[in-house]
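S.K.: Input structure: protein_27.txt, which contains compact mmCIF, C-alpha atoms and all ligand atoms.
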```txt
# COMPACT_ATOMS: atom_id res chain seq x y z
CA MET A 1 77.03 46.72 172.72
CA GLN A 2 79.62 44.34 174.26
CA THR A 3 82.65 46.20 172.77
CA PHE A 4 82.43 48.80 175.53
CA ASN A 5 81.81 46.42 178.44
CA GLY A 6 83.68 47.63 181.53
CA LYS A 7 84.71 50.93 179.90
CA THR A 8 83.40 54.39 180.86
CA ALA A 9 81.51 56.69 178.47
CA LEU A 10 80.77 60.36 178.99
CA ILE A 11 77.64 61.40 177.06
CA THR A 12 76.63 65.03 176.61
CA GLY A 13 72.93 65.67 176.06
CA ALA A 14 71.99 62.45 177.86
CA SER A 15 68.78 63.89 179.33
CA SER A 16 66.64 63.10 176.25
CA GLY A 17 66.53 61.79 172.69
CA ILE A 18 69.52 60.16 171.01
CA GLY A 19 71.85 60.73 173.98
CA GLU A 20 69.45 59.09 176.43
CA GLN A 21 69.08 56.08 174.10
CA MET A 22 72.85 55.76 173.81
CA ALA A 23 73.10 55.78 177.61
CA ARG A 24 70.52 52.98 177.89
CA GLN A 25 72.23 50.86 175.19
CA LEU A 26 75.73 51.33 176.58
CA ALA A 27 74.54 50.51 180.12
CA ALA A 28 72.85 47.36 178.79
CA GLY A 29 76.26 46.32 177.44
CA GLY A 30 77.99 46.87 180.80
CA CYS A 31 79.50 50.28 180.05
CA HIS A 32 79.79 52.73 182.97
CA LEU A 33 78.51 56.23 182.37
CA ILE A 34 78.91 59.92 183.08
CA LEU A 35 75.79 61.80 182.01
CA VAL A 36 75.98 65.50 181.16
CA ALA A 37 73.21 68.03 180.42
CA ARG A 38 71.37 70.94 182.07
CA ARG A 39 68.28 69.07 183.34
CA THR A 40 69.67 67.36 186.44
CA ASP A 41 66.28 65.85 187.36
CA ARG A 42 66.16 63.92 184.08
CA LEU A 43 69.76 62.76 184.44
CA ASP A 44 69.20 61.63 188.02
CA ALA A 45 66.06 59.71 187.02
CA LEU A 46 67.94 57.97 184.19
CA ALA A 47 70.92 57.22 186.45
CA SER A 48 68.68 55.54 189.02
CA GLU A 49 67.14 53.34 186.28
CA LEU A 50 70.59 52.17 185.08
CA GLY A 51 71.62 50.75 188.44
CA ALA A 52 73.74 47.82 187.20
CA VAL A 53 76.63 50.06 186.09
CA THR A 54 78.33 53.04 187.77
CA VAL A 55 76.63 56.25 186.67
CA ASP A 56 77.62 59.80 187.61
CA VAL A 57 75.69 62.92 186.71
CA ILE A 58 77.28 66.26 185.84
CA THR A 59 75.02 69.25 185.38
CA ALA A 60 76.48 71.66 182.84
CA ASP A 61 75.32 74.31 180.40
CA LEU A 62 77.59 73.70 177.43
CA ALA A 63 76.80 77.14 176.02
CA ASP A 64 79.10 78.44 178.77
CA PRO A 65 82.64 78.78 177.36
CA LEU A 66 84.09 77.47 180.65
CA ALA A 67 81.87 74.37 180.71
CA ALA A 68 84.26 71.97 178.95
CA ASP A 69 87.07 72.64 181.43
CA ASP A 70 84.62 72.40 184.30
CA VAL A 71 83.22 69.05 183.08
CA PHE A 72 86.74 67.66 182.66
CA GLU A 73 87.76 68.78 186.14
CA ARG A 74 84.63 67.29 187.67
CA THR A 75 85.39 63.89 186.10
CA GLN A 76 88.89 64.16 187.62
CA ALA A 77 87.42 65.03 191.03
CA LEU A 78 85.13 61.98 190.72
CA GLY A 79 88.20 59.86 189.96
CA ARG A 80 86.67 58.67 186.68
CA GLN A 81 88.67 57.84 183.55
CA VAL A 82 86.75 58.54 180.33
CA ASP A 83 87.36 55.92 177.62
CA ILE A 84 84.55 57.01 175.30
CA LEU A 85 83.50 60.62 174.72
CA ILE A 86 80.10 61.11 173.07
CA ASN A 87 79.55 64.71 171.99
CA ASN A 88 75.83 64.54 171.39
CA ALA A 89 74.37 67.71 172.98
CA GLY A 90 73.07 70.11 170.38
CA PHE A 91 70.12 72.12 169.21
CA GLY A 92 68.89 74.00 166.18
CA PHE A 93 66.37 76.61 165.18
CA GLN A 94 64.56 76.48 161.87
CA LYS A 95 64.55 80.24 161.37
CA PRO A 96 65.94 82.59 158.70
CA LEU A 97 69.00 84.64 159.68
CA LEU A 98 67.08 87.87 160.22
CA SER A 99 64.32 86.24 162.32
CA LEU A 100 66.59 84.82 164.99
CA PRO A 101 68.45 86.99 167.52
CA MET A 102 72.24 86.77 167.42
CA THR A 103 72.34 85.32 170.95
CA ASP A 104 70.41 82.28 169.64
CA GLN A 105 72.57 82.04 166.49
CA LEU A 106 75.74 82.08 168.57
CA GLY A 107 74.19 79.71 171.12
CA MET A 108 74.02 77.05 168.38
CA VAL A 109 77.69 77.60 167.53
CA ASP A 110 78.68 77.51 171.22
CA VAL A 111 76.89 74.26 172.05
CA ASN A 112 77.12 72.42 168.71
CA VAL A 113 80.71 73.34 167.83
CA ARG A 114 82.72 75.15 170.49
CA SER A 115 81.91 72.89 173.44
CA LEU A 116 82.36 69.77 171.28
CA LEU A 117 85.79 70.94 170.19
CA ALA A 118 86.88 71.91 173.71
CA LEU A 119 85.62 68.65 175.27
CA THR A 120 87.36 66.65 172.55
CA GLN A 121 90.72 68.29 173.19
CA ARG A 122 90.38 67.91 176.96
CA PHE A 123 89.36 64.23 176.98
CA VAL A 124 91.48 63.04 174.03
CA ALA A 125 94.78 64.09 175.64
CA PRO A 126 94.65 61.38 178.36
CA MET A 127 93.30 58.86 175.81
CA VAL A 128 96.42 59.46 173.69
CA GLN A 129 98.61 58.87 176.75
CA ARG A 130 96.83 55.53 177.30
CA GLY A 131 97.00 54.66 173.58
CA GLN A 132 93.28 53.90 173.41
CA GLY A 133 90.01 55.84 173.21
CA TRP A 134 86.81 56.50 171.29
CA VAL A 135 85.05 59.75 170.30
CA LEU A 136 81.58 59.84 168.77
CA ASN A 137 80.47 63.26 167.53
CA VAL A 138 76.83 63.82 166.61
CA SER A 139 76.48 65.90 163.45
CA SER A 140 73.51 65.65 161.04
CA VAL A 141 72.65 64.98 157.39
CA SER A 142 72.20 68.77 157.37
CA ALA A 143 76.00 68.91 157.37
CA TRP A 144 75.97 68.03 153.65
CA PHE A 145 73.44 70.75 152.78
CA PRO A 146 73.70 74.52 152.95
CA ILE A 147 70.09 75.06 154.15
CA PRO A 148 68.49 78.42 153.37
CA GLY A 149 66.14 79.05 156.32
CA MET A 150 68.27 76.99 158.70
CA ALA A 151 71.70 78.23 157.70
CA THR A 152 73.48 78.47 161.07
CA TYR A 153 72.43 75.05 162.29
CA ALA A 154 73.50 73.36 159.03
CA ALA A 155 76.81 75.22 159.06
CA SER A 156 77.45 74.22 162.68
CA LYS A 157 76.87 70.57 161.79
CA ALA A 158 79.12 70.88 158.71
CA ALA A 159 81.87 72.07 161.06
CA VAL A 160 81.32 68.98 163.24
CA LEU A 161 81.45 66.68 160.19
CA HIS A 162 84.66 68.16 158.81
CA LEU A 163 86.34 68.33 162.19
CA SER A 164 85.46 64.71 162.92
CA ARG A 165 86.62 63.36 159.55
CA ALA A 166 89.95 65.14 159.93
CA LEU A 167 90.39 63.95 163.52
CA HIS A 168 89.53 60.38 162.47
CA GLU A 169 92.78 60.40 160.46
CA GLU A 170 94.79 62.65 162.79
CA LEU A 171 94.17 60.56 165.91
CA LYS A 172 94.19 57.08 164.34
CA PRO A 173 97.97 56.61 164.81
CA PHE A 174 97.46 57.17 168.57
CA GLY A 175 94.88 54.42 168.95
CA ILE A 176 91.89 56.79 169.03
CA ILE A 177 88.78 56.12 166.96
CA VAL A 178 86.78 59.20 165.98
CA SER A 179 83.40 58.60 164.36
CA VAL A 180 80.73 61.07 163.33
CA LEU A 181 77.04 60.19 163.41
CA CYS A 182 74.89 62.08 160.90
CA PRO A 183 71.23 61.43 161.69
CA GLY A 184 68.40 62.53 159.43
CA GLY A 185 65.06 63.41 161.00
CA THR A 186 64.80 61.60 164.33
CA ARG A 187 61.85 61.54 166.77
CA THR A 188 63.17 63.44 169.80
CA GLU A 189 62.52 66.69 171.62
CA PHE A 190 64.82 68.36 169.05
CA SER A 191 62.03 68.61 166.48
CA SER A 192 59.73 70.45 168.87
CA LEU A 193 62.42 73.05 169.54
CA ALA A 194 63.62 73.34 165.95
CA ARG A 195 60.19 73.78 164.41
CA GLU A 196 57.07 75.43 165.65
CA LYS A 197 55.06 72.90 163.65
CA MET A 198 56.36 69.73 162.00
CA ASP A 199 55.79 69.41 158.24
CA PRO A 200 53.68 66.22 157.76
CA ASP A 201 55.94 65.11 154.85
CA LEU A 202 59.03 65.34 157.06
CA GLU A 203 57.26 63.67 159.99
CA LYS A 204 56.82 60.50 157.87
CA ALA A 205 60.59 60.28 157.28
CA MET A 206 61.51 60.51 160.98
CA MET A 207 63.54 57.64 162.50
CA PRO A 208 63.21 56.34 166.07
CA ALA A 209 65.94 57.63 168.40
CA ASP A 210 66.94 54.12 169.57
CA ARG A 211 67.76 53.03 165.99
CA VAL A 212 69.83 56.13 165.38
CA ALA A 213 71.67 55.67 168.69
CA ALA A 214 72.39 52.01 167.92
CA ALA A 215 73.74 52.86 164.45
CA GLY A 216 76.10 55.43 165.98
CA LEU A 217 77.41 53.09 168.67
CA GLN A 218 77.86 50.21 166.20
CA GLY A 219 79.70 52.53 163.80
CA LEU A 220 82.00 53.66 166.62
CA ALA A 221 82.64 50.09 167.76
CA SER A 222 83.60 49.07 164.22
CA GLY A 223 85.82 52.12 163.68
CA LYS A 224 83.75 53.80 160.94
CA ALA A 225 84.60 57.41 160.12
CA VAL A 226 81.06 58.46 159.12
CA VAL A 227 77.71 56.89 160.01
CA VAL A 228 74.49 57.91 158.24
CA PRO A 229 71.55 55.86 159.57
CA GLY A 230 68.68 54.94 157.22
CA VAL A 231 68.53 54.28 153.47
CA LEU A 232 66.64 57.50 152.72
CA TYR A 233 69.29 59.64 154.39
CA LYS A 234 72.17 57.70 152.77
CA LEU A 235 70.52 58.51 149.41
CA MET A 236 70.17 62.18 150.34
CA VAL A 237 73.87 62.37 151.11
CA ALA A 238 74.71 60.57 147.84
CA VAL A 239 72.64 63.14 145.89
CA THR A 240 74.84 65.99 147.16
CA ARG A 241 77.82 64.37 145.41
CA VAL A 242 76.23 64.46 141.96
CA LEU A 243 74.09 67.63 141.88
CA PRO A 244 75.56 71.11 141.32
CA GLY A 245 76.05 73.02 144.60
CA ALA A 246 73.41 75.69 143.90
CA TRP A 247 70.77 72.99 143.24
CA VAL A 248 71.69 71.26 146.50
CA ALA A 249 71.17 74.48 148.48
CA ARG A 250 67.84 75.26 146.73
CA LEU A 251 66.58 71.73 147.22
CA ALA A 252 67.58 71.73 150.90
CA GLY A 253 65.87 75.10 151.43
CA SER A 254 62.63 73.87 149.90
CA VAL A 255 62.58 70.62 151.92
CA MET A 256 64.28 71.41 155.24
CA GLY A 257 64.19 75.20 155.41
CA ARG A 258 60.41 75.66 154.92
CA HIS A 259 58.68 77.64 157.65
CA HIS A 260 55.19 77.04 158.94
N1 LIG A 301 66.33 64.89 166.11
C1 LIG A 301 66.79 65.11 164.91
O1 LIG A 301 66.02 65.14 163.93
C2 LIG A 301 68.27 65.29 164.69
C3 LIG A 301 68.76 65.21 163.37
C4 LIG A 301 70.12 65.37 163.16
C5 LIG A 301 70.97 65.62 164.20
N2 LIG A 301 70.47 65.70 165.48
C6 LIG A 301 71.42 65.99 166.55
O2 LIG A 301 71.32 64.99 167.54
C7 LIG A 301 71.80 65.50 168.78
C8 LIG A 301 70.84 65.08 169.89
O3 LIG A 301 69.61 65.74 169.69
P1 LIG A 301 68.20 65.01 169.90
O4 LIG A 301 67.56 64.88 168.58
O5 LIG A 301 68.36 63.81 170.73
O6 LIG A 301 67.41 66.18 170.65
P2 LIG A 301 66.94 66.40 172.14
O7 LIG A 301 66.03 65.31 172.58
O8 LIG A 301 66.44 67.81 172.17
O9 LIG A 301 68.30 66.27 172.98
C9 LIG A 301 69.25 67.30 172.99
C10 LIG A 301 70.17 67.09 174.18
O10 LIG A 301 71.15 68.13 174.17
C11 LIG A 301 71.20 68.71 175.46
N3 LIG A 301 71.55 70.13 175.39
C12 LIG A 301 71.01 71.08 174.58
N4 LIG A 301 71.54 72.28 174.88
C13 LIG A 301 72.44 72.07 175.89
C14 LIG A 301 73.30 72.93 176.64
N5 LIG A 301 73.32 74.27 176.44
N6 LIG A 301 74.08 72.38 177.59
C15 LIG A 301 74.05 71.04 177.84
N7 LIG A 301 73.25 70.17 177.16
C16 LIG A 301 72.45 70.70 176.21
C17 LIG A 301 69.80 68.55 176.03
O11 LIG A 301 69.85 68.51 177.46
P3 LIG A 301 69.29 69.65 178.45
O12 LIG A 301 68.16 70.35 177.76
O13 LIG A 301 68.87 68.87 179.67
O14 LIG A 301 70.48 70.51 178.70
C18 LIG A 301 69.41 67.18 175.50
O15 LIG A 301 69.86 66.17 176.36
C19 LIG A 301 71.94 67.02 168.60
O16 LIG A 301 73.30 67.34 168.43
C20 LIG A 301 71.18 67.29 167.32
O17 LIG A 301 71.66 68.42 166.63
C21 LIG A 301 69.15 65.54 165.74
```
Written as structure tokens, that's how I'd like the structure from this file.
M.R.:
Amino acid sequence: MQTFNGKTALITGASSGIGEQMARQLAAGGCHLILVARRTDRLDALASELGAVTVDVITADLADPLAADDVFERTQALGRQVDILINNAGFGFQKPLLSLPMTDQLGMVDVNVRSLLALTQRFVAPMVQRGQGWVLNVSSVSAWFPIPGMATYAASKAAVLHLSRALHEELKPFGIIVSVLCPGGTRTEFSSLAREKMDPDLEKAMMPADRVAAAGLQGLASGKAVVVPGVLYKLMVAVTRVLPGAWVARLAGSVMGRHH
């Protein structure tokens, strides 16, 4: 990933999965890093492995409404300029509305949407002043599907998709590239949290996290608005454009919203 050589990327959710893979790939291309998540031990371990570039660690719980301001101020205190913002942190429960407490429902909205929006506004303002910057938001193929049985997560990712597509156009005149990465099933710790037990049919369709991370970074480097890694998931997205809306929701519920 030579495009970002010498630049600095801030990655949320860098302690595992897709975010960790993005950190490794960016560091391999000479990009300096600021790693954000709750598990400081994981971030510190990763930072010490990526010794060739400058890496700072910021511990933050992005469910906290003050976290975005705090993260921004800590980058200022470190004297770091952020050229690339990667809003990757997120989580989801595969649970029907009435089976999941409201604190968990709102937690998904807080981390997946609110913190992403607040971080974007904070870090994009100085990028606009410099006339250059990159933002990569991690959504999901779920964004295209209302998913009965996983409604809040899918809706949170739809918000990220729509926000990102609009900002791609809104910020283009200022030299800012906004891309949204929409992974399908990806082998990470996400699946163990989202599901108590993985459906064997879905397990077969899972992609490795390094491939998904690479697709996102390449898409960002080439200025793509939307990146959907994998042929299967591109087809799934295409299907939503031709089927009636009610069919799409029923189909999504039977495939992605099943409970075990
Ligand atoms: N895996 C999939 O199948 C899949 C599919 C589509 C989209 N996605 C999206 O991909 C993104 C990355 O997920 P992943 O699959 O790589 O899962 P993962 O391995 O569970 O990673 C999630 C990351 O988000 C961080 N995070 C979660 N809650 C946080 C909070 N309150 N504050 C700060 N950081 C928080 C976690 O760090 P800490 O726990 O250390 O805080 C972790 O680094 C998410 O936005 C997810 O929705 C995943």
S.K.: Quick check, in Å to one decimal: how far apart do CA of Arg250 in chain A and CA of Ala158 in chain A lie?
M.R.: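 Interatomic distance, CA of Arg250 in chain A to CA of Ala158 in chain A: 17.0 Å.
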S.K.: Quick one: residues within 7 Å of range 143-155 of chain A, all atoms listed in the file, excluding same-chain residues fewer than 4 positions away - as a list in words?
M.R.: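 Counting all atoms listed in the file, the residues come to Gly92, Phe93, Gln94, Lys95, Pro96, Gln105, Met108, Ser139, Ala159, Leu161, Val237, Thr240, Val248, Ala249, Ala252, Gly253, Met256, Gly257 and Arg258 of chain A.
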S.K.: Measuring atom to atom with all atoms listed in the file, identify which of A:Tyr233, A:Phe4, A:Phe190, A:Phe174 is nearest to Phe91 in chain A.
M.R.: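 Closest residue, counting all atoms listed in the file: A:Phe190.
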S.K.: Around range 16-34 of chain A, fit a box with edges along x, y and z, padding it by 3 Å on each side, then list its centre and edge lengths in Å to one decimal as JSON.
M.R.:
```
{"center_x": 73.2, "center_y": 54.7, "center_z": 177.0, "size_x": 19.3, "size_y": 22.8, "size_z": 18.1}
```
S.K.: My list of candidates is A:Leu50, A:Val55, A:Leu202, A:Leu163. Which is closest to ligand LIG 301 (chain A) when distances are computed with all atoms listed in the file?
M.R.: A:Leu202
S.K.: Pick from A:Leu106, A:Val113, A:Ala14, A:Leu243: nearest to His162 in chain A, with all atoms listed in the file counted?
M.R.: A:Val113
S.K.: With ligand LIG 301 (chain A) as the partner and 8 Å as the cut-off, tabulate the residues of chain A that qualify, each row holding the nearest pair of atoms and their distance in Å to one decimal, using only C-alpha atoms and all ligand atoms, sorted by chain and rising number, as a Markdown table.
M.R.:
```
| residue | atom | partner | partner_atom | distance |
| --- | --- | --- | --- | --- |
| A:Thr12 | CA | A:LIG301 | N7 | 6.2 |
| A:Gly13 | CA | A:LIG301 | O15 | 3.1 |
| A:Ala14 | CA | A:LIG301 | O15 | 4.5 |
| A:Ser15 | CA | A:LIG301 | O15 | 3.9 |
| A:Ser16 | CA | A:LIG301 | O7 | 4.3 |
| A:Gly17 | CA | A:LIG301 | O5 | 3.4 |
| A:Ile18 | CA | A:LIG301 | O5 | 3.8 |
| A:Gly19 | CA | A:LIG301 | O5 | 5.7 |
| A:Glu20 | CA | A:LIG301 | O15 | 7.1 |
| A:Val36 | CA | A:LIG301 | N7 | 6.7 |
| A:Ala37 | CA | A:LIG301 | N7 | 3.9 |
| A:Arg38 | CA | A:LIG301 | O14 | 3.5 |
| A:Arg39 | CA | A:LIG301 | O13 | 3.7 |
| A:Thr40 | CA | A:LIG301 | O13 | 7.0 |
| A:Arg42 | CA | A:LIG301 | O13 | 7.2 |
| A:Leu43 | CA | A:LIG301 | O13 | 7.8 |
| A:Thr59 | CA | A:LIG301 | C15 | 7.8 |
| A:Ala60 | CA | A:LIG301 | C15 | 5.6 |
| A:Asp61 | CA | A:LIG301 | N6 | 3.6 |
| A:Leu62 | CA | A:LIG301 | N6 | 3.8 |
| A:Ala63 | CA | A:LIG301 | N5 | 4.5 |
| A:Asp64 | CA | A:LIG301 | N5 | 7.5 |
| A:Asn87 | CA | A:LIG301 | O16 | 7.7 |
| A:Asn88 | CA | A:LIG301 | O16 | 4.8 |
| A:Ala89 | CA | A:LIG301 | O10 | 3.5 |
| A:Gly90 | CA | A:LIG301 | O16 | 3.4 |
| A:Phe91 | CA | A:LIG301 | O17 | 4.8 |
| A:Gly92 | CA | A:LIG301 | O17 | 6.2 |
| A:Gly107 | CA | A:LIG301 | N5 | 7.7 |
| A:Val111 | CA | A:LIG301 | N5 | 5.7 |
| A:Asn112 | CA | A:LIG301 | O16 | 6.4 |
| A:Val138 | CA | A:LIG301 | O16 | 5.3 |
| A:Ser139 | CA | A:LIG301 | C5 | 5.6 |
| A:Ser140 | CA | A:LIG301 | C4 | 4.0 |
| A:Val141 | CA | A:LIG301 | C4 | 6.3 |
| A:Ser142 | CA | A:LIG301 | C4 | 7.0 |
| A:Tyr153 | CA | A:LIG301 | O17 | 8.0 |
| A:Lys157 | CA | A:LIG301 | O17 | 7.4 |
| A:Cys182 | CA | A:LIG301 | C4 | 6.2 |
| A:Pro183 | CA | A:LIG301 | C4 | 4.3 |
| A:Gly184 | CA | A:LIG301 | C3 | 4.8 |
| A:Gly185 | CA | A:LIG301 | O1 | 3.5 |
| A:Thr186 | CA | A:LIG301 | O1 | 3.8 |
| A:Arg187 | CA | A:LIG301 | N1 | 5.6 |
| A:Thr188 | CA | A:LIG301 | O7 | 4.4 |
| A:Glu189 | CA | A:LIG301 | O7 | 3.9 |
| A:Phe190 | CA | A:LIG301 | O8 | 3.6 |
| A:Ser191 | CA | A:LIG301 | N1 | 5.7 |
| A:Ser192 | CA | A:LIG301 | O8 | 7.9 |
| A:Leu193 | CA | A:LIG301 | O8 | 7.1 |
| A:Met206 | CA | A:LIG301 | O1 | 7.1 |
| A:Ala209 | CA | A:LIG301 | O5 | 7.0 |
```
S.K.: Under the rule that only C-alpha atoms are counted, which of A:Leu66, A:Leu136, A:Ala166, A:Leu117 is the nearest residue to Val178 in chain A?
M.R.: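 Smallest distance to Val178 in chain A is found for A:Leu136.
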S.K.: When distances are computed from all atoms listed in the file, which of A:Ala52, A:Leu119, A:Val160, A:Leu85 shows the smallest separation from Leu220 in chain A?
M.R.: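 Of the candidates, the smallest distance to Leu220 in chain A is held by A:Leu85.
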S.K.: If I put a ball of radius 12 Å at (93.5, 60.5, 178.1) in the file's coordinates, which residues poke into it when counting only C-alpha atoms, written as a list of chain:residue names?
M.R.: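 Selection result: A:Phe72, A:Thr75, A:Gln76, A:Arg80, A:Gln81, A:Val82, A:Asp83, A:Ile84, A:Leu85, A:Leu119, A:Thr120, A:Gln121, A:Arg122, A:Phe123, A:Val124, A:Ala125, A:Pro126, A:Met127, A:Val128, A:Gln129, A:Arg130, A:Gly131, A:Gln132, A:Gly133, A:Trp134, A:Val135, A:Phe174, A:Gly175, A:Ile176.
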S.K.: Just to be explicit: take each residue in the selection above, keep C-alpha atoms, and write the result as a CSV table (one decimal), keeping the file's coordinate frame.
M.R.:
```csv
chain,number,residue,atom,x,y,z
A,72,PHE,CA,86.7,67.7,182.7
A,75,THR,CA,85.4,63.9,186.1
A,76,GLN,CA,88.9,64.2,187.6
A,80,ARG,CA,86.7,58.7,186.7
A,81,GLN,CA,88.7,57.8,183.6
A,82,VAL,CA,86.8,58.5,180.3
A,83,ASP,CA,87.4,55.9,177.6
A,84,ILE,CA,84.6,57.0,175.3
A,85,LEU,CA,83.5,60.6,174.7
A,119,LEU,CA,85.6,68.6,175.3
A,120,THR,CA,87.4,66.6,172.6
A,121,GLN,CA,90.7,68.3,173.2
A,122,ARG,CA,90.4,67.9,177.0
A,123,PHE,CA,89.4,64.2,177.0
A,124,VAL,CA,91.5,63.0,174.0
A,125,ALA,CA,94.8,64.1,175.6
A,126,PRO,CA,94.6,61.4,178.4
A,127,MET,CA,93.3,58.9,175.8
A,128,VAL,CA,96.4,59.5,173.7
A,129,GLN,CA,98.6,58.9,176.8
A,130,ARG,CA,96.8,55.5,177.3
A,131,GLY,CA,97.0,54.7,173.6
A,132,GLN,CA,93.3,53.9,173.4
A,133,GLY,CA,90.0,55.8,173.2
A,134,TRP,CA,86.8,56.5,171.3
A,135,VAL,CA,85.0,59.8,170.3
A,174,PHE,CA,97.5,57.2,168.6
A,175,GLY,CA,94.9,54.4,169.0
A,176,ILE,CA,91.9,56.8,169.0
```
S.K.: Calculate how many Å separate CA of Lys172 in chain A from CA of Ala221 in chain A, rounding to one decimal.
M.R.: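 Separation of CA of Lys172 in chain A and CA of Ala221 in chain A: 13.9 Å.
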S.K.: Record the distance separating CA of Glu73 in chain A and CA of Ile86 in chain A, expressed in Å with one decimal.
M.R.: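 CA of Ile86 in chain A lies 17.0 Å from CA of Glu73 in chain A.
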S.K.: Which residue, A:Leu232, A:Leu217, A:Ala68, A:Ala246, has the smallest gap to Ala23 in chain A when you use all atoms listed in the file?
M.R.: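 Distance minimum relative to Ala23 in chain A lands on A:Leu217.
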